[in-house]
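Q: The file below is protein18.cif, mmCIF, C-alpha atoms and all ligand atoms:
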data_run
loop_
_atom_site.label_atom_id
_atom_site.label_comp_id
_atom_site.auth_asym_id
_atom_site.auth_seq_id
_atom_site.Cartn_x
_atom_site.Cartn_y
_atom_site.Cartn_z
CA MET A 1441 77.12 25.69 -121.43
CA LEU A 1442 76.19 27.56 -118.31
CA LYS A 1443 77.68 25.74 -115.40
CA PRO A 1444 76.77 27.54 -112.22
CA LEU A 1445 79.13 27.33 -109.29
CA LEU A 1446 76.50 28.34 -106.85
CA CYS A 1447 77.29 25.78 -104.21
CA ILE A 1448 80.25 27.81 -102.98
CA SER A 1449 78.69 28.07 -99.56
CA LEU A 1450 79.30 24.50 -98.56
CA LEU A 1451 78.99 25.51 -94.94
CA LEU A 1452 75.35 26.37 -95.42
CA PRO A 1453 72.81 24.06 -93.84
CA ALA A 1454 71.24 21.72 -96.37
CA ALA A 1455 67.96 23.63 -96.35
CA LEU A 1456 69.73 26.73 -97.61
CA SER A 1457 72.00 25.07 -100.13
CA CYS A 1458 71.57 24.68 -103.84
CA SER A 1459 67.88 24.06 -104.16
CA GLY A 1460 65.12 26.33 -105.31
CA GLN A 1461 65.18 29.52 -107.29
CA ASN A 1462 67.28 31.59 -104.95
CA PRO A 1463 69.84 29.32 -103.42
CA ILE A 1464 72.00 31.79 -101.59
CA GLU A 1465 70.26 34.75 -100.13
CA ASN A 1466 66.66 34.76 -99.13
CA GLN A 1467 66.84 34.54 -95.38
CA GLY A 1468 66.37 37.11 -92.69
CA ALA A 1469 66.12 40.87 -92.47
CA TRP A 1470 68.45 43.67 -93.54
CA PHE A 1471 70.60 45.23 -90.81
CA LYS A 1472 72.55 48.44 -91.33
CA GLY A 1473 76.06 48.62 -89.92
CA ASN A 1474 79.52 50.12 -90.04
CA THR A 1475 82.62 47.99 -89.46
CA HIS A 1476 85.27 50.73 -89.42
CA THR A 1477 85.10 53.47 -86.76
CA HIS A 1478 87.60 55.33 -84.58
CA THR A 1479 87.26 57.09 -81.22
CA LEU A 1480 89.50 58.68 -78.58
CA TRP A 1481 90.72 55.15 -77.87
CA SER A 1482 93.01 55.69 -80.89
CA ASP A 1483 93.02 58.67 -83.29
CA GLY A 1484 89.34 59.63 -83.46
CA ASP A 1485 88.28 62.98 -82.00
CA GLY A 1486 85.10 61.74 -80.29
CA ALA A 1487 84.60 59.99 -76.98
CA PRO A 1488 83.42 56.42 -77.62
CA GLU A 1489 79.91 57.18 -76.34
CA VAL A 1490 79.61 60.14 -78.74
CA SER A 1491 80.43 57.82 -81.62
CA VAL A 1492 78.15 54.98 -80.55
CA ALA A 1493 75.26 57.35 -79.80
CA TRP A 1494 75.57 58.88 -83.30
CA TYR A 1495 75.17 55.50 -85.05
CA ARG A 1496 72.38 54.39 -82.79
CA GLU A 1497 70.47 57.62 -83.35
CA ASN A 1498 71.02 57.42 -87.11
CA ASP A 1499 69.28 54.08 -87.57
CA TYR A 1500 72.26 51.77 -87.65
CA GLN A 1501 71.67 48.36 -86.07
CA PHE A 1502 75.31 47.38 -85.55
CA LEU A 1503 78.68 49.04 -85.16
CA VAL A 1504 82.29 47.92 -84.91
CA LEU A 1505 84.62 50.26 -83.02
CA SER A 1506 87.89 49.50 -84.79
CA ASP A 1507 90.53 51.55 -83.04
CA HIS A 1508 94.14 51.14 -84.14
CA ASN A 1509 95.92 48.25 -82.40
CA ILE A 1510 93.92 48.58 -79.20
CA PHE A 1511 90.91 46.97 -77.62
CA GLN A 1512 88.60 49.02 -75.39
CA ASP A 1513 89.08 46.76 -72.37
CA GLN A 1514 91.46 48.62 -70.05
CA GLU A 1515 91.48 51.63 -67.73
CA ARG A 1516 92.47 54.64 -69.83
CA TRP A 1517 92.35 58.28 -68.74
CA PHE A 1518 92.40 60.78 -71.61
CA PRO A 1519 93.87 64.27 -71.00
CA VAL A 1520 91.63 67.30 -71.50
CA SER A 1521 93.30 69.75 -73.90
CA GLU A 1522 92.77 72.93 -71.88
CA ASP A 1523 94.23 75.17 -74.61
CA GLY A 1524 91.96 73.49 -77.20
CA LYS A 1525 94.85 72.53 -79.48
CA LYS A 1526 94.50 68.76 -79.16
CA ARG A 1527 91.63 66.31 -78.93
CA LEU A 1528 89.06 66.40 -76.12
CA LYS A 1529 88.70 70.16 -75.85
CA PRO A 1530 86.97 71.62 -72.76
CA ALA A 1531 83.92 72.57 -74.85
CA GLU A 1532 83.59 68.95 -76.05
CA LEU A 1533 83.80 67.71 -72.47
CA GLY A 1534 81.01 70.16 -71.66
CA GLN A 1535 78.90 68.81 -74.53
CA LEU A 1536 79.51 65.27 -73.29
CA ILE A 1537 78.23 66.17 -69.81
CA GLU A 1538 75.24 67.94 -71.33
CA GLN A 1539 74.43 64.96 -73.58
CA PHE A 1540 74.85 62.14 -71.06
CA GLY A 1541 74.72 63.82 -67.62
CA ALA A 1542 77.49 64.63 -65.13
CA ASP A 1543 77.19 61.22 -63.49
CA ALA A 1544 78.01 59.48 -66.77
CA VAL A 1545 81.37 61.23 -67.24
CA GLN A 1546 84.26 60.54 -64.85
CA ILE A 1547 86.91 63.24 -64.53
CA ARG A 1548 90.01 63.40 -62.28
CA GLU A 1549 92.92 65.79 -61.91
CA VAL A 1550 96.52 64.59 -61.81
CA ASP A 1551 99.31 67.17 -61.30
CA GLY A 1552 97.00 69.94 -62.45
CA GLN A 1553 95.93 68.05 -65.61
CA ARG A 1554 92.27 67.11 -65.99
CA GLU A 1555 91.65 63.65 -67.43
CA MET A 1556 88.50 61.82 -68.51
CA LEU A 1557 87.98 58.07 -68.14
CA LEU A 1558 87.23 56.39 -71.48
CA LEU A 1559 84.30 53.99 -71.45
CA THR A 1560 85.23 50.38 -72.15
CA LEU A 1561 83.48 48.22 -74.72
CA SER A 1562 81.59 46.35 -72.00
CA GLU A 1563 80.40 49.66 -70.50
CA LEU A 1564 79.34 50.86 -73.95
CA LYS A 1565 77.49 47.59 -74.55
CA GLU A 1566 75.67 47.95 -71.27
CA ARG A 1567 74.68 51.53 -72.04
CA PHE A 1568 73.74 51.30 -75.72
CA GLU A 1569 72.92 47.75 -76.78
CA SER A 1570 69.38 46.58 -76.99
CA ASN A 1571 68.19 43.17 -78.08
CA GLY A 1572 67.33 43.03 -81.77
CA GLU A 1573 67.81 46.78 -82.17
CA PHE A 1574 71.43 47.73 -81.65
CA LEU A 1575 74.59 45.65 -81.36
CA LEU A 1576 78.27 46.50 -80.78
CA ILE A 1577 80.55 43.95 -82.44
CA PRO A 1578 84.07 43.92 -80.96
CA GLY A 1579 86.79 44.89 -83.42
CA GLU A 1580 90.18 46.42 -84.13
CA GLU A 1581 92.03 47.97 -87.05
CA VAL A 1582 95.20 45.91 -87.02
CA THR A 1583 97.52 48.60 -88.28
CA GLY A 1584 101.04 48.28 -89.65
CA SER A 1585 103.12 49.15 -92.65
CA TYR A 1586 105.61 47.50 -94.95
CA LYS A 1587 108.28 49.91 -96.23
CA LYS A 1588 105.93 52.88 -95.83
CA HIS A 1589 103.02 51.05 -97.51
CA PRO A 1590 100.11 51.10 -95.03
CA VAL A 1591 98.77 47.62 -94.27
CA HIS A 1592 95.53 48.12 -92.34
CA ILE A 1593 93.28 45.13 -91.75
CA ASN A 1594 90.06 45.22 -89.76
CA ALA A 1595 89.35 42.33 -87.45
CA VAL A 1596 85.62 41.99 -86.79
CA ASN A 1597 84.11 39.94 -83.94
CA ILE A 1598 87.21 39.28 -81.87
CA ALA A 1599 87.78 38.53 -78.18
CA GLU A 1600 90.90 40.57 -77.45
CA VAL A 1601 93.56 42.66 -79.17
CA ILE A 1602 95.41 41.07 -82.10
CA PRO A 1603 98.95 42.42 -82.41
CA ALA A 1604 100.18 43.91 -85.69
CA LEU A 1605 102.63 41.66 -87.52
CA GLN A 1606 105.55 42.30 -89.83
CA GLY A 1607 105.82 40.48 -93.17
CA ASP A 1608 108.35 40.13 -95.98
CA SER A 1609 106.22 42.08 -98.45
CA VAL A 1610 102.91 43.97 -98.55
CA SER A 1611 101.15 40.79 -99.62
CA ASP A 1612 102.91 38.64 -97.01
CA GLN A 1613 102.08 41.10 -94.24
CA MET A 1614 98.41 41.23 -95.26
CA ASN A 1615 98.19 37.44 -95.39
CA LYS A 1616 100.03 36.90 -92.10
CA THR A 1617 97.66 39.39 -90.41
CA MET A 1618 94.58 37.77 -91.94
CA ASP A 1619 95.85 34.31 -90.94
CA ALA A 1620 96.24 35.57 -87.36
CA ILE A 1621 92.68 36.96 -87.39
CA VAL A 1622 91.26 33.67 -88.69
CA ALA A 1623 93.28 31.68 -86.13
CA HIS A 1624 91.99 34.01 -83.39
CA GLY A 1625 88.43 33.21 -84.42
CA HIS A 1626 89.11 29.47 -84.25
CA GLU A 1627 90.83 29.80 -80.89
CA HIS A 1628 87.94 31.73 -79.35
CA GLY A 1629 85.08 29.91 -81.09
CA LEU A 1630 83.96 33.05 -82.92
CA SER A 1631 82.98 33.72 -86.53
CA THR A 1632 85.68 36.29 -87.13
CA LEU A 1633 86.06 38.33 -90.31
CA ALA A 1634 89.07 40.17 -91.72
CA HIS A 1635 88.79 42.98 -94.25
CA LEU A 1636 91.51 44.86 -96.06
CA ASN A 1637 91.04 48.60 -95.63
CA HIS A 1638 91.49 51.43 -98.15
CA PRO A 1639 93.98 49.72 -100.51
CA ASN A 1640 94.84 53.05 -102.20
CA PHE A 1641 95.63 54.90 -98.96
CA GLY A 1642 99.30 55.86 -99.29
CA TRP A 1643 99.16 53.82 -102.53
CA GLY A 1644 99.64 50.91 -100.16
CA PHE A 1645 98.54 48.07 -102.43
CA THR A 1646 98.69 47.17 -106.12
CA TRP A 1647 95.68 45.30 -107.45
CA GLU A 1648 97.81 42.16 -107.71
CA GLU A 1649 98.64 42.45 -104.01
CA VAL A 1650 94.96 42.86 -103.17
CA ALA A 1651 94.23 39.77 -105.30
CA SER A 1652 96.67 37.68 -103.26
CA MET A 1653 94.42 37.74 -100.17
CA ARG A 1654 93.98 34.11 -99.03
CA ALA A 1655 92.56 33.66 -95.55
CA ASP A 1656 89.53 35.86 -96.11
CA ARG A 1657 87.96 37.70 -99.07
CA PHE A 1658 86.82 41.17 -97.99
CA PHE A 1659 88.08 44.63 -98.91
CA GLU A 1660 86.80 48.20 -98.82
CA VAL A 1661 85.55 49.27 -102.23
CA TYR A 1662 84.40 52.50 -100.59
CA ASN A 1663 85.91 54.24 -97.57
CA GLY A 1664 84.56 57.67 -96.61
CA HIS A 1665 87.88 59.08 -95.35
CA GLN A 1666 88.90 61.77 -97.80
CA GLY A 1667 92.57 60.71 -97.80
CA VAL A 1668 92.08 57.19 -99.15
CA ARG A 1669 91.98 57.72 -102.95
CA ASN A 1670 88.97 55.53 -103.76
CA HIS A 1671 88.98 56.83 -107.34
CA GLY A 1672 92.69 56.15 -108.01
CA ASP A 1673 94.50 58.46 -110.42
CA ALA A 1674 96.11 58.39 -113.87
CA GLU A 1675 98.64 55.78 -112.74
CA HIS A 1676 96.63 53.86 -110.16
CA ALA A 1677 93.48 51.79 -110.48
CA SER A 1678 90.36 52.91 -108.61
CA THR A 1679 89.07 50.59 -105.91
CA GLU A 1680 86.37 49.34 -108.33
CA GLU A 1681 89.01 48.59 -110.98
CA ILE A 1682 91.11 46.85 -108.33
CA TRP A 1683 88.05 44.74 -107.47
CA ASP A 1684 87.50 43.50 -111.04
CA ARG A 1685 91.15 42.97 -111.93
CA ALA A 1686 91.74 41.15 -108.65
CA ASN A 1687 88.68 38.96 -109.16
CA MET A 1688 89.83 37.85 -112.60
CA LEU A 1689 93.35 37.10 -111.40
CA ARG A 1690 91.96 35.16 -108.45
CA MET A 1691 89.59 33.13 -110.60
CA THR A 1692 91.87 32.44 -113.57
CA GLU A 1693 95.25 31.91 -111.91
CA LEU A 1694 95.07 31.81 -108.13
CA ASP A 1695 92.18 29.38 -107.65
CA LEU A 1696 90.56 31.78 -105.19
CA PRO A 1697 86.94 33.01 -105.04
CA PRO A 1698 86.06 36.61 -106.00
CA LEU A 1699 86.40 39.32 -103.36
CA PHE A 1700 83.48 40.88 -101.54
CA GLY A 1701 83.34 44.68 -101.26
CA LEU A 1702 82.44 46.77 -98.20
CA ALA A 1703 81.63 50.42 -97.72
CA THR A 1704 82.69 52.03 -94.45
CA ASP A 1705 83.03 55.60 -93.23
CA ASP A 1706 86.28 55.11 -91.25
CA ALA A 1707 84.96 57.90 -89.03
CA HIS A 1708 87.42 59.92 -86.97
CA ASN A 1709 85.63 63.29 -86.82
CA TYR A 1710 82.62 63.98 -84.60
CA HIS A 1711 83.14 67.69 -83.91
CA GLY A 1712 82.97 69.43 -87.28
CA ALA A 1713 86.17 68.44 -89.09
CA ILE A 1714 85.14 67.01 -92.46
CA THR A 1715 87.96 64.59 -93.34
CA SER A 1716 86.26 61.44 -92.11
CA GLN A 1717 82.77 61.93 -90.77
CA SER A 1718 80.39 59.21 -89.72
CA GLY A 1719 77.68 58.13 -92.15
CA ARG A 1720 79.30 58.40 -95.59
CA GLY A 1721 79.27 54.66 -96.30
CA TRP A 1722 77.94 51.50 -94.66
CA ILE A 1723 76.88 47.93 -95.29
CA MET A 1724 73.45 46.30 -95.25
CA VAL A 1725 73.61 42.66 -94.12
CA ARG A 1726 70.76 40.18 -94.51
CA SER A 1727 70.92 38.04 -91.42
CA GLU A 1728 68.59 35.78 -89.49
CA SER A 1729 69.39 37.68 -86.30
CA LEU A 1730 71.17 40.74 -85.00
CA GLU A 1731 73.93 38.73 -83.38
CA SER A 1732 77.68 38.99 -84.02
CA ASN A 1733 78.29 35.47 -85.33
CA ALA A 1734 75.15 35.58 -87.49
CA ILE A 1735 76.10 38.93 -89.06
CA VAL A 1736 79.58 37.66 -89.91
CA GLU A 1737 78.25 34.37 -91.31
CA ALA A 1738 75.81 36.25 -93.55
CA MET A 1739 78.69 38.39 -94.84
CA LYS A 1740 80.75 35.29 -95.54
CA ARG A 1741 77.86 34.04 -97.69
CA GLY A 1742 78.00 37.35 -99.57
CA ASP A 1743 74.53 38.23 -98.34
CA PHE A 1744 75.23 41.92 -97.91
CA TYR A 1745 75.79 45.02 -100.00
CA ALA A 1746 77.82 48.18 -99.64
CA SER A 1747 76.08 51.55 -99.81
CA SER A 1748 76.76 55.25 -99.81
CA GLY A 1749 73.06 56.07 -99.97
CA VAL A 1750 71.10 53.67 -102.20
CA THR A 1751 68.84 51.20 -100.38
CA LEU A 1752 67.85 47.89 -101.93
CA VAL A 1753 64.72 45.89 -101.15
CA ASP A 1754 66.13 42.62 -102.42
CA VAL A 1755 69.20 41.08 -104.04
CA GLN A 1756 68.94 37.62 -105.59
CA ARG A 1757 72.04 36.05 -107.09
CA GLY A 1758 70.10 33.21 -108.65
CA ASP A 1759 70.90 30.15 -110.77
CA SER A 1760 70.27 31.84 -114.07
CA GLU A 1761 69.89 35.54 -113.35
CA TYR A 1762 70.95 38.31 -111.02
CA ARG A 1763 68.02 40.37 -109.76
CA ILE A 1764 68.04 43.62 -107.79
CA GLU A 1765 65.04 45.47 -106.48
CA ILE A 1766 65.72 49.07 -105.51
CA ASP A 1767 63.95 50.98 -102.73
CA ALA A 1768 63.38 53.88 -105.11
CA GLN A 1769 62.91 57.43 -103.83
CA GLU A 1770 60.46 59.64 -105.62
CA GLY A 1771 61.97 61.74 -108.39
CA VAL A 1772 65.31 59.88 -108.30
CA GLN A 1773 66.64 57.87 -111.28
CA TYR A 1774 68.65 54.70 -110.77
CA THR A 1775 71.11 53.14 -113.18
CA THR A 1776 72.11 49.55 -112.52
CA GLN A 1777 75.23 48.20 -114.19
CA PHE A 1778 75.91 44.49 -114.11
CA ILE A 1779 79.67 44.06 -114.22
CA GLY A 1780 81.67 40.92 -114.78
CA GLY A 1781 84.82 39.43 -116.14
CA GLU A 1782 85.26 37.22 -119.16
CA VAL A 1783 88.19 35.31 -120.60
CA ILE A 1784 88.54 36.53 -124.20
CA GLY A 1785 91.58 34.56 -125.28
CA GLU A 1786 94.65 32.70 -124.06
CA GLY A 1787 95.79 34.73 -121.05
CA LEU A 1788 93.50 37.61 -122.04
CA ASN A 1789 90.82 38.83 -119.67
CA ASP A 1790 88.10 41.39 -120.01
CA ALA A 1791 87.89 42.49 -116.37
CA GLY A 1792 85.26 44.95 -115.25
CA LYS A 1793 83.16 44.59 -118.39
CA VAL A 1794 79.75 46.27 -118.27
CA LEU A 1795 77.56 43.32 -119.24
CA PHE A 1796 74.23 45.14 -119.05
CA LYS A 1797 73.01 48.57 -118.04
CA THR A 1798 69.41 49.36 -117.18
CA ASN A 1799 67.15 51.92 -115.53
CA ASP A 1800 64.52 49.27 -114.77
CA ASN A 1801 63.42 48.40 -111.27
CA PRO A 1802 63.80 45.54 -110.60
CA ALA A 1803 67.04 45.33 -112.56
CA ILE A 1804 67.53 41.84 -113.96
CA TYR A 1805 70.46 40.33 -115.81
CA ALA A 1806 70.35 36.82 -117.30
CA TYR A 1807 73.82 35.26 -117.36
CA SER A 1808 75.29 34.60 -120.79
CA GLY A 1809 77.48 31.81 -119.44
CA LYS A 1810 80.69 33.48 -120.57
CA GLU A 1811 81.18 35.45 -117.36
CA LEU A 1812 83.37 34.11 -114.58
CA TYR A 1813 81.54 36.30 -112.10
CA VAL A 1814 78.84 38.95 -112.06
CA ARG A 1815 78.35 41.81 -109.61
CA ALA A 1816 76.24 44.98 -109.79
CA VAL A 1817 76.50 48.68 -109.06
CA VAL A 1818 73.39 50.83 -108.63
CA THR A 1819 74.02 54.55 -109.06
CA SER A 1820 71.45 57.16 -108.09
CA SER A 1821 70.91 60.48 -109.86
CA LYS A 1822 71.13 62.07 -106.41
CA ASP A 1823 74.33 63.69 -105.15
CA HIS A 1824 75.78 62.25 -101.97
CA PRO A 1825 74.83 64.76 -99.26
CA ASN A 1826 78.22 64.56 -97.51
CA PRO A 1827 80.50 63.13 -100.18
CA TYR A 1828 83.89 61.50 -100.02
CA ALA A 1829 84.66 63.49 -103.21
CA ALA A 1830 82.75 66.30 -104.90
CA GLY A 1831 80.29 64.97 -107.48
CA ASP A 1832 79.90 61.50 -105.92
CA LYS A 1833 76.41 60.08 -106.42
CA GLU A 1834 74.66 57.83 -103.93
CA THR A 1835 75.57 54.25 -104.86
CA ALA A 1836 75.11 50.61 -103.88
CA TRP A 1837 77.54 47.80 -104.69
CA THR A 1838 76.33 44.19 -104.55
CA GLN A 1839 78.54 41.13 -104.27
CA PRO A 1840 79.91 38.99 -107.07
CA ILE A 1841 78.53 35.57 -107.79
CA GLU A 1842 80.64 32.92 -109.51
CA VAL A 1843 78.84 32.03 -112.73
CA ALA A 1844 80.76 30.01 -115.28
CA SER A 1845 83.25 27.24 -114.71
CA LYS A 1846 86.86 28.29 -114.56
CA PRO A 1847 88.83 27.86 -117.79
ZN ZN A 1901 93.34 52.59 -91.84
ZN ZN A 1902 90.64 53.42 -89.93
#
For this file, write the structure as structure tokens.
Ligand SMILES: [Zn+2]
Ligand SMILES: [Zn+2]

A:
Amino acid sequence: MLKPLLCISLLLPAALSCSGQNPIENQGAWFKGNTHTHTLWSDGDGAPEVSVAWYRENDYQFLVLSDHNIFQDQERWFPVSEDGKKRLKPAELGQLIEQFGADAVQIREVDGQREMLLLTLSELKERFESNGEFLLIPGEEVTGSYKKHPVHINAVNIAEVIPALQGDSVSDQMNKTMDAIVAHGHEHGLSTLAHLNHPNFGWGFTWEEVASMRADRFFEVYNGHQGVRNHGDAEHASTEEIWDRANMLRMTELDLPPLFGLATDDAHNYHGAITSQSGRGWIMVRSESLESNAIVEAMKRGDFYASSGVTLVDVQRGDSEYRIEIDAQEGVQYTTQFIGGEVIGEGLNDAGKVLFKTNDNPAIYAYSGKELYVRAVVTSSKDHPNPYAAGDKETAWTQPIEVASKP
């Protein structure tokens, strides 16, 4: 018998809880955002205002600057690379002055070395934010490694820097870092979110290690940096395979809810280098307001999707069916795959099973009752214009819903 576990969001107000056709997501408007971005504050090649201006001009409504182990809240002078061999080349400084005006760029000279003052987050907020239109959410990529395995966790909506921690294993280090991010949120009265970044970067994580995430439930199914191995290889699962295997392990053995997947661009390059350019992947969050706590709360409800180009009008993870309405472009075909996991025998799982595939719009899947969870992937016939990997199509990934009772 179908036994929906739709009341997972016990924190929801009563009016939004399990009543009506669409118990989880039917509130608010869609906001486009990126939660993983670098600037000169760490290893990006763009001044922070170059980065922020790009997202604002390209119709994003929110942005998280997530520099490595630093918060943009101090006085920092960045050297100008006069020979053009390092970041902040003289020509880029010239562009900056042309774009924002000489008064907006502070330069000094110390012992014959020119330096530029980096704008702080509060200065960036003052210059770029506008109510209901554009929001900067404070963040950091808490960056460490365990025995050469990168452990990079983004902290979203934080008040100050969170130091990187060392653990006894990849899994322990991830969980200690996520625990610290959650504790930080409690301490500062913020809805703070932690997401595991690029699990295949440096083959940092096995899918079992990803599955062991406890304090939060977010990971990057798509990261636009060309070094992160989203597609895996002959010996390593792709990020989508990691997602499904991890979800089944979490739901059958670990008593944990399925993971939610993000797309980010992990931008570092704003001056022509192609490794990690802004705009390759993002999230769309359905929130009642464009406010940091509200955006994070909507994500914790799973009311968001990841995209590398496909836009959705509506996603309803209902009591009896999963329904997706695509904002279809003329002349473009869309294939929606509903993917889930089923238990097929004692200790045997069918993870990542394609339950139903359709070209219809809206795409609708009625649960059979055998699935533990259902999620969906919408793939366009259109090539990604600036792909992570050659041949990538524009795609959207929606979040899993728990369907059947656990065995
Ligand atoms: Zn990283
Ligand atoms: Zn990064």

Q: Around ligand ZN 1902 (chain A), at most 7 Å away and counting only C-alpha atoms and all ligand atoms, which residues are there? Put them as a short mmCIF file (atom, residue, chain, number, x, y, z; two decimals) with C-alpha atoms, keeping the file's coordinate frame, please.

A:
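Written file, selection-v5.cif:
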data_model
loop_
_atom_site.label_atom_id
_atom_site.label_comp_id
_atom_site.auth_asym_id
_atom_site.auth_seq_id
_atom_site.Cartn_x
_atom_site.Cartn_y
_atom_site.Cartn_z
CA HIS A 1476 85.27 50.73 -89.42
CA THR A 1477 85.10 53.47 -86.76
CA HIS A 1478 87.60 55.33 -84.58
CA GLU A 1581 92.03 47.97 -87.05
CA ASP A 1706 86.28 55.11 -91.25
#

Q: Could you check which of A:Asp1551, A:Glu1580, A:Glu1842, A:Glu1515 is closest to A:Gly1758, using only C-alpha atoms?

A: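 Using only C-alpha atoms, the shortest distance to A:Gly1758 belongs to A:Glu1842.
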
Q: Hey, which residues sit close to ligand ZN 1901 (chain A)? Say within 12 Å, counting only C-alpha atoms and all ligand atoms, and write them as a ChimeraX atom specification.

A: /A:1475-1478,1482-1484,1506-1509,1580-1585,1589-1595,1635-1642,1644,1659-1660,1663-1668,1704-1708,1716

Q: Figure out the distance between atom CA of A:Gly1524 and atom CA of A:Val1504, please, to one decimal in Å.

A: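 We find that atom CA of A:Val1504 and atom CA of A:Gly1524 lie 28.4 Å from each other.
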
Q: As an exercise, work out the distance from atom CA of A:Ala1768 to atom CA of A:Leu1752 in Å and give it to one decimal place.

A: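 So the answer is 8.1 Å.
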
Q: Name the closest residue to A:Asn1801 among the candidates A:Phe1744, A:Tyr1774, A:Tyr1813, A:Phe1502; distances are taken between atoms, counting all atoms listed in the file.

A: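 Nearest to A:Asn1801: A:Tyr1774.
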
Q: Counting only C-alpha atoms, figure out which residue out of A:Arg1685, A:Asp1513, A:Ile1779, A:Glu1765 gets nearest to A:Glu1563.

A: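 Among the listed residues, the smallest separation from A:Glu1563 belongs to A:Asp1513.
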
Q: Anything within 8 Å of (74.0, 49.9, -81.5): list those residues as an NGL selection string, counting all atoms listed in the file and sticking to the file's coordinates.

A: :A and (1492-1493 or 1495-1496 or 1500-1503 or 1568-1570 or 1573-1576)

Q: Show which residues sit within 9 Å of A:Ser1652, as a ChimeraX atom specification. Count all atoms listed in the file, and ignore same-chain residues fewer than 4 positions away.

A: /A:1611-1612,1614-1615,1647-1648,1686,1689-1690,1694,1696

Q: Looking at A:Ser1732, A:Asn1498, A:Asn1799, A:Asn1709, which one is nearest to A:Leu1630, with distances taken over only C-alpha atoms?

A: A:Ser1732

Q: Calculated over all atoms listed in the file, which of the candidates A:Gly1468, A:Pro1697, A:Pro1827, A:Pro1603 has the smallest distance to A:Asp1656?

A: A:Pro1697

Q: Residues within 12 Å of stretch 1824-1826 of chain A, please, as a list in words. Count all atoms listed in the file; anything in the same chain fewer than 6 positions from it doesn't count.

A: Gly1664, His1665, Gln1666, Asp1705, Ile1714, Thr1715, Ser1716, Gln1717, Ser1718, Gly1719, Arg1720, Gly1721, Ser1747, Ser1748, Gly1749, Val1750, Asp1832, Lys1833, Glu1834, Thr1835 and Ala1836 of chain A

Q: Using C-alpha atoms, can you write the selected residues to a file as a compact mmCIF listing (two decimals), in the coordinates of the input?

A:
# COMPACT_ATOMS: atom_id res chain seq x y z
CA GLY A 1664 84.56 57.67 -96.61
CA HIS A 1665 87.88 59.08 -95.35
CA GLN A 1666 88.90 61.77 -97.80
CA ASP A 1705 83.03 55.60 -93.23
CA ILE A 1714 85.14 67.01 -92.46
CA THR A 1715 87.96 64.59 -93.34
CA SER A 1716 86.26 61.44 -92.11
CA GLN A 1717 82.77 61.93 -90.77
CA SER A 1718 80.39 59.21 -89.72
CA GLY A 1719 77.68 58.13 -92.15
CA ARG A 1720 79.30 58.40 -95.59
CA GLY A 1721 79.27 54.66 -96.30
CA SER A 1747 76.08 51.55 -99.81
CA SER A 1748 76.76 55.25 -99.81
CA GLY A 1749 73.06 56.07 -99.97
CA VAL A 1750 71.10 53.67 -102.20
CA ASP A 1832 79.90 61.50 -105.92
CA LYS A 1833 76.41 60.08 -106.42
CA GLU A 1834 74.66 57.83 -103.93
CA THR A 1835 75.57 54.25 -104.86
CA ALA A 1836 75.11 50.61 -103.88

Q: What is the distance, in Å and to one decimal place, between atom CA of A:Gly1672 and atom CA of A:Glu1649?

A: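 One can read the atom CA of A:Gly1672 to atom CA of A:Glu1649 distance as 15.5 Å.
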
Q: Write out as a list in words each polymer residue whose atoms come within 7 Å of A:Ile1723, counting all atoms listed in the file; drop sequence neighbours fewer than 5 positions from it.

A: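 Near A:Ile1723, the qualifying residues are Lys1472, Gly1473, Asn1474, Leu1702, Ala1703, Phe1744, Tyr1745, Ala1746 and Ser1747 of chain A.
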
Q: Keeping C-alpha atoms, export the residues of the selection given above as a PDB file, keeping the file's coordinate frame.

A:
ATOM      1  CA  LYS A1472      72.550  48.440 -91.330  1.00  0.00           C
ATOM      2  CA  GLY A1473      76.060  48.620 -89.920  1.00  0.00           C
ATOM      3  CA  ASN A1474      79.520  50.120 -90.040  1.00  0.00           C
ATOM      4  CA  LEU A1702      82.440  46.770 -98.200  1.00  0.00           C
ATOM      5  CA  ALA A1703      81.630  50.420 -97.720  1.00  0.00           C
ATOM      6  CA  PHE A1744      75.230  41.920 -97.910  1.00  0.00           C
ATOM      7  CA  TYR A1745      75.790  45.020-100.000  1.00  0.00           C
ATOM      8  CA  ALA A1746      77.820  48.180 -99.640  1.00  0.00           C
ATOM      9  CA  SER A1747      76.080  51.550 -99.810  1.00  0.00           C
TER      10      SER A1747
END

Q: Would you mind telling me which residue in A:Ile1735, A:Val1753, A:Leu1561, A:Met1653 lies nearest to A:Trp1683 when using only C-alpha atoms?

A: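 Of A:Ile1735, A:Val1753, A:Leu1561, A:Met1653, the one nearest A:Trp1683 is A:Met1653, counting only C-alpha atoms.
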
Q: What's the 9 Å shell around A:Glu1737, counting all atoms listed in the file, without same-chain residues fewer than 5 positions away, as a PyMOL selection string?

A: chain A and resi 1631-1633+1727+1732+1742-1743

Q: Could you extract stretch 1730-1741 of chain A of the given structure into a file holding C-alpha atoms, as an mmCIF file, in the first residue's frame?

A:
data_model
loop_
_atom_site.group_PDB
_atom_site.id
_atom_site.type_symbol
_atom_site.label_atom_id
_atom_site.label_comp_id
_atom_site.auth_asym_id
_atom_site.auth_seq_id
_atom_site.Cartn_x
_atom_site.Cartn_y
_atom_site.Cartn_z
ATOM 1 C CA LEU A 1730 14.071 37.273 -1.382
ATOM 2 C CA GLU A 1731 15.579 37.159 2.083
ATOM 3 C CA SER A 1732 18.476 34.993 3.289
ATOM 4 C CA ASN A 1733 16.630 32.987 5.945
ATOM 5 C CA ALA A 1734 13.616 32.472 3.663
ATOM 6 C CA ILE A 1735 15.767 31.224 0.770
ATOM 7 C CA VAL A 1736 17.545 28.741 3.030
ATOM 8 C CA GLU A 1737 14.285 27.544 4.608
ATOM 9 C CA ALA A 1738 12.783 26.944 1.157
ATOM 10 C CA MET A 1739 15.842 24.897 0.205
ATOM 11 C CA LYS A 1740 15.541 22.856 3.389
ATOM 12 C CA ARG A 1741 11.980 22.023 2.327
#
